[in-house]
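Participant: So that we are looking at the same thing, I have put the structure below in structure tokens.
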Amino acid sequence: MAERDEIQRFTMAERLIHWAVAITFVYLVLSGLALFYPSFYWLASVLGGGPVIRRWHPIVGVAMFVFLLGMYLQWRRDMKLDDLDRQWLRQVGKYIRHEEGVPESGRFNAGQKLLFKTMSLMGLLLLLSGIPLWFPLRFSRSLREWSILVHEIAALVAIGGLIAHIYMGTAVVRGSMRAMLTGWVSRAWARAHHPRWAREVERTP
Amino acid sequence: MPTVSLEVKAISAATTPAPGMKEAPRVAKLIDVSSCIGCKACEVACQEWNDLPPSVDRPFTGSYQTMPDLSWNFWQLIKFNEILRGDGRLEWTMTKYQCMHCADPGCLRACPAPGAIVQYANGIVDFVQENCIGCGYCITGCPFDVPRLNPQTGRVSKCTLCSDRVAAGLEPACIKACPTNCLSFGTKEKLLLIAHQRVEQLKERGFPNAGVYDPPGVGGTHVIYVLPHADRPEDYGLPKDPKVSWTLKLWKGPLKWLGHLIVFGGILGAFVHYLRFGPHRAREEDTGK
């Protein structure tokens with residue numbers, strides 16, 4: 001298969017951990033919205049009722065953090081911003097409007113790298129602020145008040161990132177979804193979206 | 001259940017206004033600390049009327065207090081405090097402590113479960129345990145540290161101001177039991193009048209700082225106190241200036257709308273971007289299909 005026109009973009013381990021984070025995160029977003037905003041409380045009924053999500057949201061949260069930590073360790077070297085990435089970020093408008101002249105990306109583009117860093121940081125903040133909310137009786141009231149605020153703001157940033165990520169990965173950059181499911185992309189896809197990475201892979205067969 | 005006969009004014013986590021239409025006289029409990037003798041008859045009456053099991057699991061700490069603190073099955077407590085006044089005199093205060101039934105209840109604002117906390121038109125704030133999810137946000141939202149979680153059931157409870165008795169035209173059990181008239185029950189207007197008269201009496205008797213405790217930071221309360229030293233409510237175990245916290249107001253106000261903006265705005269924004277720019281084609285036929 002690889003001899004033909006395909007190159008491997010994600011290993012089985014990478015895909016597994018990505019989807020572990022994804023599935024736990026989607027559950028956390030849905031149950032979290034129910035716990036935070038009355039207008040989303042109907043999500044609680046879909047997920048088994050208020051007491052059920054109150055019990056499972058923190059447990060799944062810890063699971064997500066463990067997966068996220070694995071994902072962080074796995075990709076952190078690939079996610080370092082270099083000079084071309086910084087140029088990319090300065091010209092992000094062109095990327096959004098699909099114009100020519102965007103600096104070439106490596107294995108991940110600068111937008112993906114920023115998303116990765118943002119999500120990792122939010123994951124950490126959500127874990128730390130989530131613990132006092134999980135065990136309210138063991139922490140002071142002022143710490144719980146701050147935790148609610150931090151938890152909410154971090155969650156909103158993460159939800160914004162999630163919406164952008166799903167949209168880019170399914171609708172905009174066609175072939176990304178297949179890459180994350182099967183692990184493989186065409187050489188043409190690699191050259192189009194991640195030219196520096198494509199050259200690197202082609203150099204080392 | 002009390003919800004049948006009492007007019008509802010506010011419901012936790014509601015997305016629409018409460019159904020209540022009728023006005024009801026605002027009720028209040030007045031606690032005149034200067035005439036409390038610490039007999040704890042009110043504690044017993046509360047346990048008895050509400051059929052609460054005794055909590056015998058906590059060790060006796062050598063205090064006159066029945067319990068160190070409130071608990072899910074112990075909704076009111078006479079706090080005993082020994083205060084050394086400036087002139088070297090020792091004062092022994094006995095202060096009944098329970099839910100204050102705030103006009104602007106932080107617990108109700110914080111609660112994410114629809115209908116788990118209701119406020120009746122008469123001012124009583126009541127927990128409806130069957131709708132409670134046990135998250136404990138009400139404990140965080142309460143500036144008086146009153147709601148208590150039952151770890152076995154995962155439900156929170158507190159003083160109901162005997163909403164069941166009040167709905168039937170009776171006074172709360174604690175008031176019925178009080179032998180010194182330290183406790184009284186009635187409309188808030190009338191009780192404020194009585195409270196201020198009592199404050200005047202106390203001032204004449206050498207308590208220049210006597211005053212009424214009806215903290216404005218929570219919109220006033222439906223449990224009000226006459227304190228001989230109202231300048232130092234901490235001496236009685238009452239918070240000096242309780243407020244609905246700004247974090248709670250931020251969370252349930254502007255941040256709520258920011259959240260909706262991110263969720264719906266994000267989805268809408270993505271859709272409009274797709275309509276305008278479509279999928280990314282870096283070079284023709286490079287889409288990897």
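Labels used: A, B, ... for chains in the order of the structure tokens, numbers from 1 for residues in each chain, and numbers from 1 for ligands as shown.
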Can you tell me which residues surround Cys111 of chain B at a distance of at most 6 Å, considering only C-alpha atoms, apart from same-chain residues fewer than 6 positions away, and format the answer as a PyMOL selection string?

Facilitator: chain B and resi 12+137-138

Participant: Within 12 Å of Ala22 of chain A, counting only C-alpha atoms, which residues show up once you throw out same-chain ones fewer than 2 positions away? Write them as a list in words, please.

Facilitator: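 So, after excluding close chain neighbours, the residues are Arg15, Leu16, Ile17, His18, Trp19, Ala20, Thr24, Phe25, Val26, Tyr27, Leu28, Val29, Val60, Gly61, Ala63, Met64, Phe65, Phe67, Leu68, Met71, Met119, Ala158, Ile159, Leu162, Ile163, His165, Ile166 and Met180 of chain A.
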
Participant: Skip Val128 of chain B itself and residues of its chain fewer than 3 positions away, then list as a list in words all residues within 6 Å of it, counting only C-alpha atoms.

Facilitator: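 Once the nearby chain positions are removed, what remains is Ala116, Ile117 and Asn131 of chain B.
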
Participant: Store the residues of this selection in a file with N, CA, C and O atoms, as a PDB file, in the first residue's frame.

Facilitator:
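Dumped to part.pdb:
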```
ATOM      1  N   ALA B 116     -34.703  21.990  42.019  1.00  0.00           N
ATOM      2  CA  ALA B 116     -34.159  21.411  43.248  1.00  0.00           C
ATOM      3  C   ALA B 116     -34.233  22.411  44.398  1.00  0.00           C
ATOM      4  O   ALA B 116     -34.243  22.020  45.559  1.00  0.00           O
ATOM      5  N   ILE B 117     -34.266  23.698  44.069  1.00  0.00           N
ATOM      6  CA  ILE B 117     -34.436  24.722  45.094  1.00  0.00           C
ATOM      7  C   ILE B 117     -35.535  25.660  44.615  1.00  0.00           C
ATOM      8  O   ILE B 117     -35.534  26.087  43.456  1.00  0.00           O
ATOM      9  N   ASN B 131     -35.322  16.446  43.231  1.00  0.00           N
ATOM     10  CA  ASN B 131     -34.682  17.037  42.050  1.00  0.00           C
ATOM     11  C   ASN B 131     -33.205  17.326  42.252  1.00  0.00           C
ATOM     12  O   ASN B 131     -32.528  17.787  41.331  1.00  0.00           O
TER      13      ASN B 131
END
```

Participant: Which residue, B:Glu43, B:Ile133, B:Lys79, B:Ala18, has the smallest gap to Ala44 of chain A when you use only C-alpha atoms?

Facilitator: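 Among B:Glu43, B:Ile133, B:Lys79, B:Ala18, it is B:Ile133 that comes nearest to Ala44 of chain A.
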
Participant: Taking only residues of chain A that have an atom at most 7 Å from an atom of chain B, what is each one's shortest atom pair and its distance in Å to one decimal, using only C-alpha atoms, in chain and number order, as a Markdown table?

Facilitator:
```
| residue | atom | partner | partner_atom | distance |
| --- | --- | --- | --- | --- |
| A:Leu35 | CA | B:Pro112 | CA | 5.7 |
| A:Phe36 | CA | B:Pro112 | CA | 6.3 |
| A:Tyr37 | CA | B:Lys256 | CA | 6.9 |
| A:Pro38 | CA | B:Ala13 | CA | 4.9 |
| A:Ser39 | CA | B:Thr15 | CA | 6.2 |
| A:Gly50 | CA | B:Ile133 | CA | 5.3 |
| A:Pro51 | CA | B:Ile133 | CA | 4.3 |
| A:Arg54 | CA | B:Cys135 | CA | 6.2 |
| A:Arg97 | CA | B:Phe277 | CA | 6.3 |
| A:His98 | CA | B:His280 | CA | 6.2 |
| A:Pro136 | CA | B:Gly136 | CA | 6.3 |
| A:Arg141 | CA | B:Thr140 | CA | 5.6 |
| A:Arg144 | CA | B:Thr140 | CA | 6.5 |
| A:Glu145 | CA | B:Thr247 | CA | 6.3 |
| A:Leu149 | CA | B:Thr247 | CA | 6.6 |
| A:Leu156 | CA | B:Gly259 | CA | 6.1 |
| A:Gly160 | CA | B:Ile262 | CA | 6.0 |
| A:Ile163 | CA | B:Gly266 | CA | 6.4 |
| A:Tyr167 | CA | B:Ala270 | CA | 6.6 |
| A:Ala171 | CA | B:Pro279 | CA | 6.2 |
| A:Val172 | CA | B:Pro279 | CA | 4.0 |
| A:Val173 | CA | B:His280 | CA | 5.4 |
| A:Arg174 | CA | B:Thr287 | CA | 6.1 |
| A:Gly175 | CA | B:Gly288 | CA | 5.8 |
| A:Val185 | CA | B:Gly288 | CA | 6.6 |
| A:Ser186 | CA | B:Gly288 | CA | 5.2 |
| A:Ala188 | CA | B:Asp286 | CA | 5.2 |
| A:Trp189 | CA | B:Gly288 | CA | 4.6 |
| A:Ala192 | CA | B:Ala282 | CA | 5.4 |
| A:His193 | CA | B:Ala282 | CA | 6.8 |
```

Participant: Within 10 Å of segment 113-117 of chain A, counting only C-alpha atoms, which residues show up once you throw out same-chain ones fewer than 6 positions away? Write them as a list in words, please.

Facilitator: Leu68, Met71, Tyr72, Trp75, Arg76, Asp78, Met79, Lys80, Leu81, Asp85, Leu89, Arg107, Gly123, Ala158, Gly161, Leu162, Ala164 and His165 of chain A

Participant: As a VMD selection string, please: every residue in segment 1-201 of chain A that DSSP puts in strand (DSSP E).

Facilitator: chain A and resid 6 to 8 184 to 186

Participant: Write to file, as an mmCIF file, in the first residue's frame, the residues of the selection just made, with all heavy atoms.

Facilitator:
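Dumped everything to part24.cif:
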```cif
data_model
loop_
_atom_site.group_PDB
_atom_site.id
_atom_site.type_symbol
_atom_site.label_atom_id
_atom_site.label_comp_id
_atom_site.auth_asym_id
_atom_site.auth_seq_id
_atom_site.Cartn_x
_atom_site.Cartn_y
_atom_site.Cartn_z
ATOM 1 N N GLU A 6 0.410 6.134 -1.032
ATOM 2 C CA GLU A 6 -0.058 6.430 0.325
ATOM 3 C C GLU A 6 1.119 6.521 1.279
ATOM 4 O O GLU A 6 2.090 5.773 1.147
ATOM 5 C CB GLU A 6 -0.971 5.298 0.799
ATOM 6 C CG GLU A 6 -2.226 5.141 -0.028
ATOM 7 C CD GLU A 6 -3.366 5.962 0.507
ATOM 8 O OE1 GLU A 6 -3.833 5.685 1.622
ATOM 9 O OE2 GLU A 6 -3.780 6.920 -0.183
ATOM 10 N N ILE A 7 1.026 7.423 2.245
ATOM 11 C CA ILE A 7 2.005 7.417 3.328
ATOM 12 C C ILE A 7 1.277 7.409 4.668
ATOM 13 O O ILE A 7 0.130 7.872 4.761
ATOM 14 C CB ILE A 7 3.001 8.604 3.257
ATOM 15 C CG1 ILE A 7 2.252 9.931 3.066
ATOM 16 C CG2 ILE A 7 4.012 8.406 2.158
ATOM 17 C CD1 ILE A 7 3.173 11.118 2.994
ATOM 18 N N GLN A 8 1.970 6.851 5.662
ATOM 19 C CA GLN A 8 1.303 6.749 6.963
ATOM 20 C C GLN A 8 1.445 8.058 7.729
ATOM 21 O O GLN A 8 2.560 8.578 7.860
ATOM 22 C CB GLN A 8 1.875 5.595 7.792
ATOM 23 C CG GLN A 8 0.960 5.309 8.966
ATOM 24 C CD GLN A 8 1.418 4.150 9.835
ATOM 25 O OE1 GLN A 8 2.600 3.849 9.895
ATOM 26 N NE2 GLN A 8 0.464 3.533 10.500
ATOM 27 N N TRP A 184 -3.700 6.595 7.147
ATOM 28 C CA TRP A 184 -2.992 6.826 5.876
ATOM 29 C C TRP A 184 -3.538 8.039 5.133
ATOM 30 O O TRP A 184 -4.726 8.352 5.195
ATOM 31 C CB TRP A 184 -3.105 5.594 4.974
ATOM 32 C CG TRP A 184 -2.375 4.416 5.555
ATOM 33 C CD1 TRP A 184 -2.867 3.540 6.474
ATOM 34 C CD2 TRP A 184 -1.034 4.033 5.280
ATOM 35 N NE1 TRP A 184 -1.918 2.619 6.800
ATOM 36 C CE2 TRP A 184 -0.773 2.874 6.078
ATOM 37 C CE3 TRP A 184 -0.026 4.509 4.440
ATOM 38 C CZ2 TRP A 184 0.454 2.231 6.059
ATOM 39 C CZ3 TRP A 184 1.195 3.855 4.411
ATOM 40 C CH2 TRP A 184 1.431 2.722 5.223
ATOM 41 N N VAL A 185 -2.608 8.715 4.396
ATOM 42 C CA VAL A 185 -3.012 9.808 3.501
ATOM 43 C C VAL A 185 -2.306 9.619 2.166
ATOM 44 O O VAL A 185 -1.312 8.893 2.073
ATOM 45 C CB VAL A 185 -2.631 11.201 4.078
ATOM 46 C CG1 VAL A 185 -3.425 11.500 5.326
ATOM 47 C CG2 VAL A 185 -1.135 11.301 4.340
ATOM 48 N N SER A 186 -2.829 10.295 1.152
ATOM 49 C CA SER A 186 -2.152 10.238 -0.154
ATOM 50 C C SER A 186 -0.940 11.161 -0.124
ATOM 51 O O SER A 186 -0.888 12.111 0.662
ATOM 52 C CB SER A 186 -3.108 10.658 -1.267
ATOM 53 O OG SER A 186 -3.355 12.045 -1.162
#
```

Participant: For Ala103 of chain B, list every protein, DNA or RNA residue within 12 Å, evaluated using only C-alpha atoms, and leave out those in the same chain fewer than 5 positions away; present the list as a list in words.

Facilitator: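 Neighbouring residues, sequence-local ones excluded: Lys9, Ala10, Arg26, Val27, Ala28, Leu108, Arg109, Val118, Gln119, Tyr120, Ala121, Asn122, Gly123, Ile124, Val125, Lys188, Asp214, Pro215, Pro216, Gly217, Val218, Gly219, Gly220, Thr221, His222, Val223, Ile224, Lys243 and Val244 of chain B.
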
Participant: Measuring between only C-alpha atoms, which one of B:Ser163, B:Asn73, B:Gln197, B:Thr93 shows the shortest distance to Leu238 of chain B?

Facilitator: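 Closest residue, counting only C-alpha atoms: B:Thr93.
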
Participant: Which polymer residues have any atom within 7 Å of an atom of Val102 of chain A, counting only C-alpha atoms, with same-chain residues fewer than 4 positions away left out, as a ChimeraX atom specification?

Facilitator: /A:88,91,94-95

Participant: Would you output that residue set with N, CA and C atoms, as a short mmCIF file (atom, residue, chain, number, x, y, z; two decimals), in the first residue's frame?

Facilitator:
```cif
data_model
loop_
_atom_site.label_atom_id
_atom_site.label_comp_id
_atom_site.auth_asym_id
_atom_site.auth_seq_id
_atom_site.Cartn_x
_atom_site.Cartn_y
_atom_site.Cartn_z
N TRP A 88 3.55 31.66 9.71
CA TRP A 88 2.23 31.11 9.38
C TRP A 88 1.17 31.82 10.22
N GLN A 91 0.22 35.16 9.19
CA GLN A 91 -0.56 35.21 7.95
C GLN A 91 -1.77 34.27 8.02
N LYS A 94 -4.74 34.51 5.63
CA LYS A 94 -4.64 33.88 4.30
C LYS A 94 -5.05 32.42 4.37
N TYR A 95 -4.63 31.75 5.44
CA TYR A 95 -4.97 30.34 5.59
C TYR A 95 -6.48 30.17 5.72
#
```

Participant: Near Val46 of chain A, counting only C-alpha atoms, which residues have an atom at most 12 Å away, once you skip same-chain residues fewer than 4 positions from it, shown as a short mmCIF file (atom, residue, chain, number, x, y, z; two decimals) with N, CA and C atoms, in the first residue's frame?

Facilitator:
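After the write, around-v1.cif holds the following:
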```cif
data_model
loop_
_atom_site.label_atom_id
_atom_site.label_comp_id
_atom_site.auth_asym_id
_atom_site.auth_seq_id
_atom_site.Cartn_x
_atom_site.Cartn_y
_atom_site.Cartn_z
N TYR A 27 -18.07 13.55 25.88
CA TYR A 27 -18.94 13.27 27.03
C TYR A 27 -18.84 14.39 28.06
N LEU A 30 -20.72 17.55 26.92
CA LEU A 30 -22.17 17.44 26.99
C LEU A 30 -22.64 17.44 28.45
N SER A 31 -22.00 16.63 29.29
CA SER A 31 -22.44 16.59 30.69
C SER A 31 -22.09 17.90 31.40
N ALA A 34 -24.58 20.58 30.67
CA ALA A 34 -25.80 20.34 31.45
C ALA A 34 -25.63 20.85 32.89
N PHE A 40 -29.07 23.97 28.91
CA PHE A 40 -28.54 22.71 28.38
C PHE A 40 -28.85 21.53 29.30
N TYR A 41 -29.70 21.75 30.31
CA TYR A 41 -29.92 20.67 31.28
C TYR A 41 -30.55 19.44 30.66
N TRP A 42 -31.25 19.63 29.52
CA TRP A 42 -31.86 18.47 28.86
C TRP A 42 -30.79 17.44 28.48
N GLY A 50 -29.44 13.88 36.12
CA GLY A 50 -28.51 14.73 36.86
C GLY A 50 -27.59 13.98 37.82
N VAL A 52 -26.60 11.01 37.79
CA VAL A 52 -25.68 10.13 37.06
C VAL A 52 -24.51 10.94 36.49
N ILE A 53 -24.81 12.09 35.89
CA ILE A 53 -23.68 12.85 35.33
C ILE A 53 -22.86 13.50 36.44
#
```

Participant: Have a look at atom CA of Gln74 of chain A and atom CA of Glu14 of chain A and let me know their distance in Å, one decimal.

Facilitator: 7.6 Å

Participant: Interatomic distance between atom CA of Phe80 of chain B and atom CA of Trp92 of chain B?

Facilitator: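 Here the two named atoms are 7.0 Å from each other.
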
Participant: Go through A:Ala190, A:Trp134, A:Trp146, A:Gly111 one by one, measure the shortest atom-to-atom distance of each to Ile96 of chain A using only C-alpha atoms, and give the residue with the smallest value.

Facilitator: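 Of the candidates, the smallest distance to Ile96 of chain A is held by A:Gly111.
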
Participant: Mind listing the alpha helix (DSSP H) residues of segment 5-202 of chain A, per DSSP on the backbone, as a PyMOL selection string?

Facilitator: chain A and resi 12-36+42-46+50-75+83-90+92-96+110-134+141-167+176-182+187-193+195-202

Participant: Could you check how far atom CA of His194 of chain A sits from atom CA of Gly106 of chain A, in Å to one decimal?

Facilitator: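 Between atom CA of His194 of chain A and atom CA of Gly106 of chain A the gap works out to 5.2 Å.
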